[in-house]
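*Asks:* Quick one, coords.txt (compact mmCIF, C-alpha atoms):
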# COMPACT_ATOMS: atom_id res chain seq x y z
CA MET A 1 20.66 -11.65 88.27
CA ASN A 2 20.22 -14.33 85.64
CA ILE A 3 23.55 -14.90 83.90
CA ASN A 4 21.91 -15.79 80.58
CA ASP A 5 20.01 -12.52 80.62
CA ALA A 6 23.18 -10.66 81.61
CA TYR A 7 25.11 -12.24 78.74
CA SER A 8 22.31 -11.42 76.29
CA HIS A 9 22.52 -7.81 77.44
CA LEU A 10 26.30 -7.79 76.91
CA ALA A 11 25.86 -9.32 73.46
CA LEU A 12 23.69 -6.40 72.39
CA LEU A 13 26.19 -3.89 73.77
CA SER A 14 29.20 -5.60 72.16
CA ALA A 15 27.49 -6.00 68.78
CA ALA A 16 26.60 -2.29 68.77
CA THR A 17 30.28 -1.29 68.91
CA LEU A 18 31.58 -3.59 66.16
CA GLY A 19 33.66 -1.51 63.77
CA ARG A 20 34.30 1.14 66.44
CA THR A 21 36.99 -0.37 68.67
CA ALA A 22 39.93 -1.59 66.52
CA PRO A 23 42.61 -2.45 67.33
CA ASN A 24 40.98 -3.06 70.72
CA PRO A 25 38.30 -5.69 71.38
CA ASN A 26 34.62 -4.75 71.48
CA VAL A 27 34.18 -5.44 75.19
CA SER A 28 31.03 -4.76 77.20
CA ALA A 29 30.40 -4.78 80.94
CA ALA A 30 27.42 -4.53 83.29
CA ILE A 31 27.27 -4.02 87.04
CA TYR A 32 24.57 -5.65 89.18
CA SER A 33 23.55 -5.06 92.78
CA SER A 34 23.40 -7.83 95.39
CA ASN A 35 19.71 -8.30 94.62
CA GLY A 36 20.37 -8.67 90.90
CA GLU A 37 19.31 -5.24 89.65
CA LEU A 38 21.26 -3.59 86.84
CA ILE A 39 23.18 -0.60 88.20
CA ALA A 40 25.19 0.51 85.16
CA ASP A 41 26.74 -0.76 81.95
CA GLY A 42 29.28 0.26 79.33
CA ALA A 43 30.78 -0.77 76.02
CA HIS A 44 34.17 0.24 74.65
CA ASP A 45 33.93 2.67 71.73
CA ARG A 46 37.15 4.35 70.63
CA THR A 47 35.22 6.99 68.68
CA LEU A 48 33.78 8.30 71.94
CA SER A 49 36.34 7.51 74.65
CA SER A 50 39.56 5.64 75.33
CA ASP A 51 37.96 4.14 78.45
CA HIS A 52 37.43 0.40 78.47
CA ALA A 53 33.98 -1.04 79.11
CA GLU A 54 34.63 -1.83 82.77
CA VAL A 55 35.80 1.71 83.50
CA LEU A 56 32.81 3.22 81.71
CA ALA A 57 30.41 1.11 83.75
CA LEU A 58 32.25 1.86 87.01
CA LYS A 59 32.18 5.61 86.35
CA LYS A 60 28.42 5.45 85.80
CA ALA A 61 27.90 3.36 88.93
CA GLY A 62 30.02 5.51 91.24
CA SER A 63 29.81 4.49 94.87
CA THR A 64 27.01 2.00 94.14
CA ALA A 65 29.63 -0.33 92.60
CA ARG A 66 30.97 -1.20 96.07
CA GLY A 67 29.94 -4.74 96.94
CA ALA A 68 28.36 -5.29 93.51
CA THR A 69 29.00 -7.85 90.77
CA ILE A 70 30.45 -6.88 87.41
CA VAL A 71 29.79 -9.11 84.41
CA VAL A 72 32.26 -8.66 81.54
CA SER A 73 32.35 -10.10 78.03
CA LEU A 74 36.15 -10.51 78.17
CA GLU A 75 38.54 -11.17 81.06
CA PRO A 76 39.51 -7.74 82.48
CA CYS A 77 42.91 -6.55 81.25
CA ASN A 78 45.96 -6.57 83.49
CA HIS A 79 48.32 -4.20 81.70
CA THR A 80 48.92 -0.52 81.08
CA GLY A 81 48.51 0.66 77.51
CA ALA A 82 46.67 3.79 76.41
CA THR A 83 44.76 3.40 79.67
CA GLY A 84 45.50 1.78 83.01
CA PRO A 85 44.65 -1.83 83.89
CA CYS A 86 40.94 -2.50 84.27
CA VAL A 87 41.73 -4.81 87.19
CA ASP A 88 42.99 -1.80 89.18
CA ALA A 89 39.77 0.12 88.54
CA ILE A 90 37.68 -2.89 89.60
CA ILE A 91 39.67 -3.36 92.81
CA GLU A 92 39.54 0.33 93.71
CA ALA A 93 35.77 0.46 93.11
CA GLY A 94 35.17 -2.24 95.72
CA ILE A 95 33.57 -4.77 93.38
CA SER A 96 32.98 -8.04 95.23
CA LYS A 97 32.55 -10.44 92.30
CA VAL A 98 33.60 -10.61 88.65
CA ILE A 99 32.02 -12.93 86.08
CA TYR A 100 33.60 -13.04 82.63
CA ALA A 101 32.63 -14.84 79.44
CA VAL A 102 35.84 -15.15 77.39
CA LYS A 103 39.44 -15.65 78.52
CA ASP A 104 41.92 -13.07 77.25
CA PRO A 105 44.43 -14.78 74.89
CA ASN A 106 46.61 -11.66 74.64
CA PRO A 107 49.82 -12.46 76.55
CA ILE A 108 50.35 -8.75 77.24
CA ALA A 109 46.96 -8.21 78.90
CA ALA A 110 46.20 -11.67 80.32
CA GLY A 111 46.27 -12.58 83.98
CA GLY A 112 43.46 -10.29 85.03
CA ALA A 113 41.45 -13.03 86.70
CA ASP A 114 44.41 -14.15 88.82
CA ARG A 115 45.16 -10.58 89.84
CA LEU A 116 41.56 -9.97 90.93
CA GLU A 117 41.42 -13.23 92.83
CA SER A 118 44.64 -12.37 94.68
CA ALA A 119 42.97 -9.11 95.71
CA GLY A 120 40.19 -11.08 97.40
CA ILE A 121 37.56 -10.67 94.71
CA ASP A 122 35.35 -13.63 93.85
CA ILE A 123 36.08 -14.68 90.24
CA GLU A 124 33.92 -16.86 88.03
CA PHE A 125 34.54 -17.82 84.41
CA MET A 126 31.35 -18.81 82.57
CA ALA A 127 31.95 -19.43 78.87
CA SER A 128 29.63 -17.85 76.32
CA PRO A 129 29.89 -19.01 72.69
CA GLU A 130 27.75 -16.04 71.63
CA LEU A 131 30.04 -13.46 73.22
CA GLU A 132 33.09 -15.29 71.89
CA ASP A 133 31.62 -15.10 68.39
CA ILE A 134 30.80 -11.37 68.68
CA GLN A 135 34.35 -10.65 69.84
CA GLY A 136 35.70 -13.21 67.38
CA ALA A 137 37.45 -10.84 64.96
CA TRP A 138 39.69 -9.41 67.68
CA LEU A 139 40.30 -12.85 69.18
CA HIS A 140 41.33 -14.08 65.73
CA ARG A 141 43.73 -11.19 65.19
CA ILE A 142 45.36 -11.74 68.59
CA THR A 143 45.77 -15.50 68.12
CA THR A 144 46.78 -15.53 64.43
CA GLY A 145 48.42 -12.12 63.95
CA ARG A 146 46.08 -11.03 61.14
CA PRO A 147 42.52 -9.70 60.80
CA TYR A 148 39.45 -11.86 60.39
CA PHE A 149 38.35 -12.02 56.73
CA ILE A 150 34.66 -12.35 55.81
CA TRP A 151 33.83 -12.88 52.13
CA LYS A 152 30.35 -11.62 51.38
CA VAL A 153 28.69 -13.17 48.31
CA ALA A 154 25.20 -12.78 46.82
CA THR A 155 24.23 -15.74 44.64
CA THR A 156 21.35 -17.53 43.03
CA LEU A 157 20.39 -20.94 44.37
CA ASP A 158 22.64 -22.52 41.72
CA GLY A 159 25.63 -20.45 42.79
CA ARG A 160 25.64 -17.78 40.07
CA ILE A 161 26.60 -14.14 40.67
CA ALA A 162 25.73 -13.00 37.13
CA ALA A 163 23.77 -14.24 34.13
CA ARG A 164 25.42 -15.32 30.88
CA ASP A 165 25.10 -11.77 29.50
CA GLY A 166 26.89 -10.37 32.57
CA SER A 167 23.82 -8.80 34.21
CA SER A 168 23.74 -9.14 38.01
CA GLN A 169 21.63 -6.32 39.49
CA TRP A 170 19.90 -7.26 41.59
CA ILE A 171 20.31 -10.91 42.53
CA SER A 172 19.70 -10.40 46.24
CA SER A 173 16.68 -8.65 47.72
CA GLU A 174 16.46 -5.13 49.09
CA GLN A 175 16.33 -6.61 52.60
CA SER A 176 19.62 -8.44 52.02
CA ARG A 177 21.24 -5.30 50.65
CA GLU A 178 20.18 -3.39 53.76
CA ASP A 179 21.63 -6.16 55.92
CA VAL A 180 24.95 -5.76 54.10
CA GLN A 181 24.98 -2.08 55.10
CA VAL A 182 24.93 -3.17 58.74
CA LEU A 183 27.75 -5.63 58.05
CA ARG A 184 29.77 -2.82 56.48
CA SER A 185 29.25 -0.67 59.56
CA GLN A 186 30.54 -3.53 61.75
CA SER A 187 33.75 -3.96 59.72
CA ASP A 188 37.00 -2.05 60.11
CA ALA A 189 37.99 -2.35 56.44
CA ILE A 190 36.36 -3.32 53.15
CA LEU A 191 38.44 -4.99 50.47
CA ILE A 192 37.67 -5.01 46.75
CA GLY A 193 39.65 -5.51 43.56
CA THR A 194 40.11 -2.91 40.86
CA GLY A 195 37.72 -4.90 38.66
CA THR A 196 34.87 -4.30 41.11
CA ALA A 197 35.96 -0.68 41.60
CA LEU A 198 35.85 0.05 37.86
CA ALA A 199 32.66 -1.90 37.16
CA ASP A 200 30.54 -0.66 40.07
CA ASN A 201 32.10 2.69 41.14
CA PRO A 202 31.10 1.97 44.77
CA THR A 203 31.41 4.29 47.77
CA LEU A 204 31.76 1.33 50.21
CA ARG A 205 30.38 3.59 52.94
CA PRO A 206 27.64 2.03 55.07
CA ARG A 207 24.20 3.57 54.74
CA VAL A 208 23.61 3.31 58.48
CA GLU A 209 22.92 6.35 60.63
CA GLY A 210 25.88 7.20 62.84
CA ALA A 211 28.12 4.53 61.26
CA ILE A 212 31.85 5.00 60.98
CA SER A 213 33.15 4.55 57.43
CA PRO A 214 35.51 1.57 57.20
CA ILE A 215 38.92 1.87 55.59
CA ARG A 216 38.59 1.14 51.87
CA ILE A 217 41.26 -1.15 50.41
CA VAL A 218 41.44 -1.49 46.64
CA MET A 219 43.76 -4.20 45.35
CA GLY A 220 45.04 -4.57 41.80
CA GLY A 221 47.19 -3.03 39.11
CA ARG A 222 44.69 -0.80 37.30
CA ASP A 223 44.15 2.86 38.15
CA VAL A 224 40.82 4.09 39.48
CA PRO A 225 39.82 7.38 37.80
CA ALA A 226 40.08 10.51 39.93
CA ASP A 227 36.36 11.25 39.63
CA PHE A 228 35.31 7.83 40.98
CA ASN A 229 33.73 7.55 44.43
CA LEU A 230 36.75 5.80 45.91
CA ASN A 231 38.70 9.03 45.38
CA ASP A 232 36.10 11.26 47.06
CA GLY A 233 38.21 11.78 50.21
CA LYS A 234 35.24 10.99 52.47
CA SER A 235 36.94 8.00 54.07
CA GLN A 236 40.43 6.57 54.08
CA THR A 237 41.26 4.65 50.91
CA ILE A 238 44.34 2.52 50.35
CA PHE A 239 45.24 1.56 46.80
CA LEU A 240 47.43 -1.54 46.89
CA LYS A 241 49.07 -1.91 43.49
CA SER A 242 49.54 -5.65 43.76
CA HIS A 243 47.82 -8.97 43.23
CA SER A 244 49.86 -10.66 45.97
CA VAL A 245 48.03 -11.95 49.03
CA GLU A 246 51.33 -11.72 50.91
CA ASP A 247 51.58 -8.00 50.09
CA LEU A 248 48.03 -7.51 51.37
CA LEU A 249 48.78 -9.19 54.70
CA LYS A 250 51.99 -7.19 55.08
CA ALA A 251 50.07 -3.96 54.49
CA LEU A 252 47.49 -4.94 57.10
CA ASP A 253 50.27 -5.29 59.68
CA TYR A 254 50.35 -1.49 59.77
CA ILE A 255 46.59 -0.86 59.69
CA PRO A 256 44.57 -1.10 62.95
CA VAL A 257 41.79 -3.44 61.83
CA ASN A 258 40.18 -6.49 63.40
CA GLN A 259 37.68 -7.41 60.67
CA VAL A 260 38.00 -7.15 56.89
CA LEU A 261 34.88 -7.48 54.78
CA VAL A 262 35.71 -8.82 51.32
CA GLU A 263 33.28 -7.52 48.69
CA ALA A 264 35.44 -8.61 45.79
CA GLY A 265 34.56 -10.64 42.76
CA PRO A 266 35.44 -14.30 42.19
CA ARG A 267 39.03 -13.67 41.06
CA LEU A 268 40.28 -11.91 44.19
CA GLY A 269 37.95 -13.76 46.53
CA SER A 270 39.04 -17.14 45.16
CA ALA A 271 42.71 -16.15 45.42
CA LEU A 272 42.18 -15.33 49.08
CA MET A 273 40.31 -18.60 49.58
CA ALA A 274 43.08 -20.58 47.87
CA ALA A 275 45.66 -18.88 50.10
CA GLY A 276 43.73 -19.87 53.23
CA VAL A 277 42.99 -16.25 54.17
CA ILE A 278 39.18 -16.33 54.04
CA ASP A 279 37.92 -17.21 57.51
CA GLU A 280 34.19 -16.91 56.91
CA VAL A 281 31.93 -17.04 53.86
CA LEU A 282 28.68 -15.11 54.14
CA LEU A 283 26.19 -16.17 51.49
CA TYR A 284 22.99 -14.36 50.58
CA GLN A 285 21.12 -16.83 48.39
CA ALA A 286 18.19 -15.58 46.35
CA PRO A 287 15.35 -17.95 45.35
CA ILE A 288 16.17 -17.80 41.64
CA VAL A 289 18.13 -20.04 39.28
CA LEU A 290 20.00 -19.18 36.09
CA GLY A 291 21.29 -22.55 34.93
CA GLU A 292 24.44 -20.92 33.58
CA GLY A 293 26.42 -17.75 34.09
CA LYS A 294 29.27 -16.58 36.28
CA SER A 295 30.08 -18.60 39.39
CA TRP A 296 31.08 -16.96 42.69
CA LEU A 297 34.10 -19.26 43.05
CA GLU A 298 36.91 -19.94 40.61
CA GLY A 299 39.77 -22.45 40.75
CA ILE A 300 41.17 -22.81 44.25
CA GLY A 301 43.55 -25.69 43.60
CA VAL A 302 41.12 -28.55 44.31
CA SER A 303 41.38 -31.47 41.90
CA THR A 304 39.96 -34.32 43.98
CA ILE A 305 37.22 -34.60 46.58
CA SER A 306 39.74 -35.37 49.31
CA ASP A 307 41.22 -31.89 48.79
CA ALA A 308 37.85 -30.13 49.06
CA ARG A 309 37.72 -27.07 51.31
CA ARG A 310 35.47 -27.81 54.26
CA LEU A 311 33.14 -25.24 55.78
CA SER A 312 31.06 -25.47 58.93
CA LEU A 313 27.69 -23.75 59.25
CA ILE A 314 27.62 -21.04 61.91
CA SER A 315 24.06 -19.82 61.41
CA THR A 316 21.30 -19.40 58.87
CA GLN A 317 18.32 -17.07 58.72
CA ALA A 318 15.72 -15.73 56.33
CA ILE A 319 16.32 -12.18 55.10
CA GLY A 320 13.20 -11.23 53.16
CA PRO A 321 12.92 -13.84 50.38
CA ASP A 322 16.62 -14.72 50.65
CA ILE A 323 18.58 -17.07 52.90
CA LYS A 324 21.60 -15.69 54.75
CA SER A 325 24.12 -18.34 55.78
CA ARG A 326 27.37 -17.92 57.67
CA TYR A 327 30.05 -20.55 57.13
CA ARG A 328 33.39 -20.80 58.90
CA VAL A 329 36.18 -22.04 56.66
CA GLU A 330 37.94 -24.93 58.35
CA LYS A 331 41.69 -24.56 58.37
CA ARG A 332 43.92 -27.36 57.17
Write the structure described by the file as structure tokens, please.

*Replies:*
Amino acid sequence: MNINDAYSHLALLSAATLGRTAPNPNVSAAIYSSNGELIADGAHDRTLSSDHAEVLALKKAGSTARGATIVVSLEPCNHTGATGPCVDAIIEAGISKVIYAVKDPNPIAAGGADRLESAGIDIEFMASPELEDIQGAWLHRITTGRPYFIWKVATTLDGRIAARDGSSQWISSEQSREDVQVLRSQSDAILIGTGTALADNPTLRPRVEGAISPIRIVMGGRDVPADFNLNDGKSQTIFLKSHSVEDLLKALDYIPVNQVLVEAGPRLGSALMAAGVIDEVLLYQAPIVLGEGKSWLEGIGVSTISDARRLSLISTQAIGPDIKSRYRVEKR
């Protein structure tokens, strides 16, 4: 077994269950024989089963798990919640070695590696930045107490989201818009303001086969007409009659979400940025320029260069004619 290949396999499994595990992490596991052959794998998906990834893989493997190695994207849990501890299932299955990619920061569930080692199982921690990133929304929620916020923006090369006359469809390409549908399917909630709701009448449901519709959160004081798509009853919609970021975060304390996709306009998005809530900016930049028009970012309280908000580039790729860039917002 090549650990890089094993981790790449887990990355595909974990990415496929994004948006389907909250409030749990999107963990994946794979079991390999002593000669390195894949025996079984599993990925946690709350829409199908309460079983964690390790248990799913062990059930598939059956007796062939004895003496094998299990590779897990996250340190196996060591507590009883809706299900029993994964460490107990691993021990009972006769696994001889556990390799895990990310340490569990949850104080309730941590300690799995120590428990397995005390049971005589060989334990190896091999860090994987890729698997940490894929499980990043849950890790963020556990370590900060709130969901991970991604602000999605489609702009021209000169940072405009609309022309001077207000026209904006379509700045980004069809390929970028299809990519956004995947991003929606990977998110637990989508946040917009009432301005966007009234202007666009969106459904906010991902056009991806088999996707689970995220919770729709609409923030602002104006009413959305009863015949608008957000009132269609086809997915849960929360109307938060407030402009307060604090009220939003309090509401999210009671909603089981790991990742919030912000598809709001510059007013709400900038307010979240100014409050330090935006964790990632996802830019789809089209190869056009307008010279003037509406900017994607409004005042965020920066008056001098020393106060500038710093972002670090996570990745960049071509999406059709556009450039998709992920930026992590550095916290002060």

*Asks:* So the first atom is atom CA of A:Gly299 and the second is atom CA of A:Ala274; what is the distance between them in Å, to one decimal place?

*Replies:* 8.1 Å

*Asks:* Excluding A:Ala22 and any residue of its chain fewer than 2 positions from it, enumerate the residues within 7 Å of it, using only C-alpha atoms, and give them as a list in words.

*Replies:*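 Using only C-alpha atoms, the neighbours found are Gly19, Arg20, Asn24, Pro25, Pro256, Val257 and Asn258 of chain A.
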
*Asks:* For the selection you just gave me, I'd like the residues written to a file as a tab-separated table (two decimals), in the frame of the given file, keeping C-alpha atoms.

*Replies:*
chain	number	residue	atom	x	y	z
A	19	GLY	CA	33.66	-1.51	63.77
A	20	ARG	CA	34.30	1.14	66.44
A	24	ASN	CA	40.98	-3.06	70.72
A	25	PRO	CA	38.30	-5.69	71.38
A	256	PRO	CA	44.57	-1.10	62.95
A	257	VAL	CA	41.79	-3.44	61.83
A	258	ASN	CA	40.18	-6.49	63.40

*Asks:* Provide the atom CA of A:Ala271 to atom CA of A:Leu183 distance in Å, to one decimal place.

*Replies:*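 Atom CA of A:Leu183 lies at a distance of 22.2 Å from atom CA of A:Ala271.
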
*Asks:* Nearest to A:Ser172 among A:Ser49, A:Arg184, A:Phe125, A:Lys152, with distances taken over all atoms listed in the file: which residue is it?

*Replies:*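 Among the listed residues, A:Lys152 lies closest to A:Ser172.
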
*Asks:* Could you check which of A:Ala16, A:Val277, A:Ile238, A:Leu282 is closest to A:Thr144, using all atoms listed in the file?

*Replies:*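 Closest candidate: A:Val277.
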
*Asks:* Nearest to A:Thr17: which of A:Asp165, A:Asp179, A:Asp114, A:Asp188 is it, counting all atoms listed in the file?

*Replies:*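 Closest to A:Thr17, using all atoms listed in the file: A:Asp188.
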
*Asks:* Could you check the closest approach to A:Ile161 for each of A:Arg115, A:Arg328, A:Lys294, A:Arg207 and tell me which residue wins, using all atoms listed in the file?

*Replies:*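 Checking each candidate against A:Ile161, we get A:Lys294 as the closest.
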
*Asks:* Given the choices A:Ser176, A:Gln181, A:Asn231, A:Ser73, which gets closest to A:Gln285 if the distance is worked out from all atoms listed in the file?

*Replies:* A:Ser176

*Asks:* Set the distance at 10 Å and use all atoms listed in the file: which residues neighbour A:Ser50 once local chain neighbours fewer than 5 positions away are removed? I'd like the list as a list in words.

*Replies:*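 Skipping anything fewer than 5 positions along the chain leaves Thr21, Asn24, His44, Asp45, Val55, Leu56, Ala82 and Thr83 of chain A.
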
*Asks:* Which is closer to A:Arg326 than all the others in A:Ile39, A:Asp279, A:Thr304, A:Ala226, using all atoms listed in the file?

*Replies:*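 Between A:Ile39, A:Asp279, A:Thr304, A:Ala226, the residue approaching A:Arg326 most closely is A:Asp279.
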
*Asks:* Put a box with edges along x, y and z around all the listed atoms of stretch 118-134 of chain A, pad it by 5 Å on each side, then give me its centre and sizes in Å, one decimal, as lines of an AutoDock Vina configuration file.

*Replies:*
center_x = 36.2
center_y = -14.3
center_z = 82.9
size_x = 26.9
size_y = 20.3
size_z = 39.0

*Asks:* With a distance cut-off of 9 Å and only C-alpha atoms, select the neighbouring residues of A:Ile319, excluding the residue or stretch itself and same-chain residues fewer than 4 positions from it, and output the selection as an NGL selection string.

*Replies:* :A and (173 or 175-176 or 179 or 284 or 323-324)

*Asks:* In Å, with one decimal, what is the gap from atom CA of A:Ile171 to atom CA of A:Thr155?

*Replies:*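 Between these atoms lies a distance of 6.6 Å.
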
*Asks:* Please identify all polymer residues within 12 Å of stretch 89-97 of chain A, counting only C-alpha atoms, omitting same-chain residues fewer than 6 positions from it, and present them as a count of residues only.

*Replies:* 48

*Asks:* Taking (39.1, -15.8, 69.8) in the file's coordinates as the center, which residues reach within 12 Å of it, counting only C-alpha atoms, put as a count of residues only?

*Replies:* 29

*Asks:* Report as a count of residues only all protein, DNA and RNA residues lying within 9 Å of A:Gly291, evaluated on all atoms listed in the file, omitting residues in the same chain fewer than 6 positions from it.

*Replies:* 3

*Asks:* Can you patch up stretch 3-19 of chain A, filling it in to N, CA, C and O atoms, and show the result as a PDB file, in the coordinates of the input?

*Replies:*
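In the end it all went to rebuild.pdb:
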ATOM      1  N   ILE A   3      22.346 -15.078  84.705  1.00  0.00           N
ATOM      2  CA  ILE A   3      23.550 -14.900  83.900  1.00  0.00           C
ATOM      3  C   ILE A   3      23.244 -14.958  82.406  1.00  0.00           C
ATOM      4  O   ILE A   3      23.889 -14.251  81.608  1.00  0.00           O
ATOM      5  N   ASN A   4      22.264 -15.752  82.002  1.00  0.00           N
ATOM      6  CA  ASN A   4      21.910 -15.790  80.580  1.00  0.00           C
ATOM      7  C   ASN A   4      21.357 -14.456  80.116  1.00  0.00           C
ATOM      8  O   ASN A   4      21.690 -13.981  79.014  1.00  0.00           O
ATOM      9  N   ASP A   5      20.535 -13.842  80.965  1.00  0.00           N
ATOM     10  CA  ASP A   5      20.010 -12.520  80.620  1.00  0.00           C
ATOM     11  C   ASP A   5      21.133 -11.488  80.600  1.00  0.00           C
ATOM     12  O   ASP A   5      21.159 -10.602  79.742  1.00  0.00           O
ATOM     13  N   ALA A   6      22.053 -11.600  81.555  1.00  0.00           N
ATOM     14  CA  ALA A   6      23.180 -10.660  81.610  1.00  0.00           C
ATOM     15  C   ALA A   6      24.045 -10.795  80.368  1.00  0.00           C
ATOM     16  O   ALA A   6      24.467  -9.789  79.774  1.00  0.00           O
ATOM     17  N   TYR A   7      24.297 -12.023  79.940  1.00  0.00           N
ATOM     18  CA  TYR A   7      25.110 -12.240  78.740  1.00  0.00           C
ATOM     19  C   TYR A   7      24.384 -11.752  77.483  1.00  0.00           C
ATOM     20  O   TYR A   7      25.017 -11.232  76.551  1.00  0.00           O
ATOM     21  N   SER A   8      23.079 -11.926  77.435  1.00  0.00           N
ATOM     22  CA  SER A   8      22.310 -11.420  76.290  1.00  0.00           C
ATOM     23  C   SER A   8      22.408  -9.899  76.214  1.00  0.00           C
ATOM     24  O   SER A   8      22.511  -9.310  75.128  1.00  0.00           O
ATOM     25  N   HIS A   9      22.378  -9.266  77.383  1.00  0.00           N
ATOM     26  CA  HIS A   9      22.520  -7.810  77.440  1.00  0.00           C
ATOM     27  C   HIS A   9      23.907  -7.390  76.947  1.00  0.00           C
ATOM     28  O   HIS A   9      24.040  -6.446  76.149  1.00  0.00           O
ATOM     29  N   LEU A  10      24.941  -8.103  77.366  1.00  0.00           N
ATOM     30  CA  LEU A  10      26.300  -7.790  76.910  1.00  0.00           C
ATOM     31  C   LEU A  10      26.447  -8.024  75.413  1.00  0.00           C
ATOM     32  O   LEU A  10      27.167  -7.271  74.731  1.00  0.00           O
ATOM     33  N   ALA A  11      25.774  -9.037  74.892  1.00  0.00           N
ATOM     34  CA  ALA A  11      25.860  -9.320  73.460  1.00  0.00           C
ATOM     35  C   ALA A  11      25.324  -8.153  72.641  1.00  0.00           C
ATOM     36  O   ALA A  11      25.912  -7.781  71.607  1.00  0.00           O
ATOM     37  N   LEU A  12      24.244  -7.563  73.090  1.00  0.00           N
ATOM     38  CA  LEU A  12      23.690  -6.400  72.390  1.00  0.00           C
ATOM     39  C   LEU A  12      24.647  -5.222  72.450  1.00  0.00           C
ATOM     40  O   LEU A  12      24.856  -4.524  71.452  1.00  0.00           O
ATOM     41  N   LEU A  13      25.243  -5.002  73.617  1.00  0.00           N
ATOM     42  CA  LEU A  13      26.190  -3.890  73.770  1.00  0.00           C
ATOM     43  C   LEU A  13      27.430  -4.105  72.907  1.00  0.00           C
ATOM     44  O   LEU A  13      27.909  -3.175  72.239  1.00  0.00           O
ATOM     45  N   SER A  14      27.983  -5.318  72.922  1.00  0.00           N
ATOM     46  CA  SER A  14      29.200  -5.600  72.160  1.00  0.00           C
ATOM     47  C   SER A  14      28.951  -5.522  70.657  1.00  0.00           C
ATOM     48  O   SER A  14      29.784  -5.013  69.902  1.00  0.00           O
ATOM     49  N   ALA A  15      27.808  -6.028  70.207  1.00  0.00           N
ATOM     50  CA  ALA A  15      27.490  -6.000  68.780  1.00  0.00           C
ATOM     51  C   ALA A  15      27.339  -4.558  68.292  1.00  0.00           C
ATOM     52  O   ALA A  15      27.690  -4.242  67.150  1.00  0.00           O
ATOM     53  N   ALA A  16      26.839  -3.681  69.161  1.00  0.00           N
ATOM     54  CA  ALA A  16      26.600  -2.290  68.770  1.00  0.00           C
ATOM     55  C   ALA A  16      27.897  -1.520  68.538  1.00  0.00           C
ATOM     56  O   ALA A  16      27.887  -0.477  67.875  1.00  0.00           O
ATOM     57  N   THR A  17      29.018  -2.008  69.079  1.00  0.00           N
ATOM     58  CA  THR A  17      30.280  -1.290  68.910  1.00  0.00           C
ATOM     59  C   THR A  17      31.226  -1.969  67.916  1.00  0.00           C
ATOM     60  O   THR A  17      32.375  -1.545  67.778  1.00  0.00           O
ATOM     61  N   LEU A  18      30.763  -2.980  67.218  1.00  0.00           N
ATOM     62  CA  LEU A  18      31.580  -3.590  66.160  1.00  0.00           C
ATOM     63  C   LEU A  18      31.937  -2.521  65.131  1.00  0.00           C
ATOM     64  O   LEU A  18      31.093  -1.721  64.727  1.00  0.00           O
ATOM     65  N   GLY A  19      33.196  -2.512  64.721  1.00  0.00           N
ATOM     66  CA  GLY A  19      33.660  -1.510  63.770  1.00  0.00           C
ATOM     67  C   GLY A  19      34.059  -0.195  64.411  1.00  0.00           C
ATOM     68  O   GLY A  19      34.444   0.743  63.711  1.00  0.00           O
TER      69      GLY A  19
END
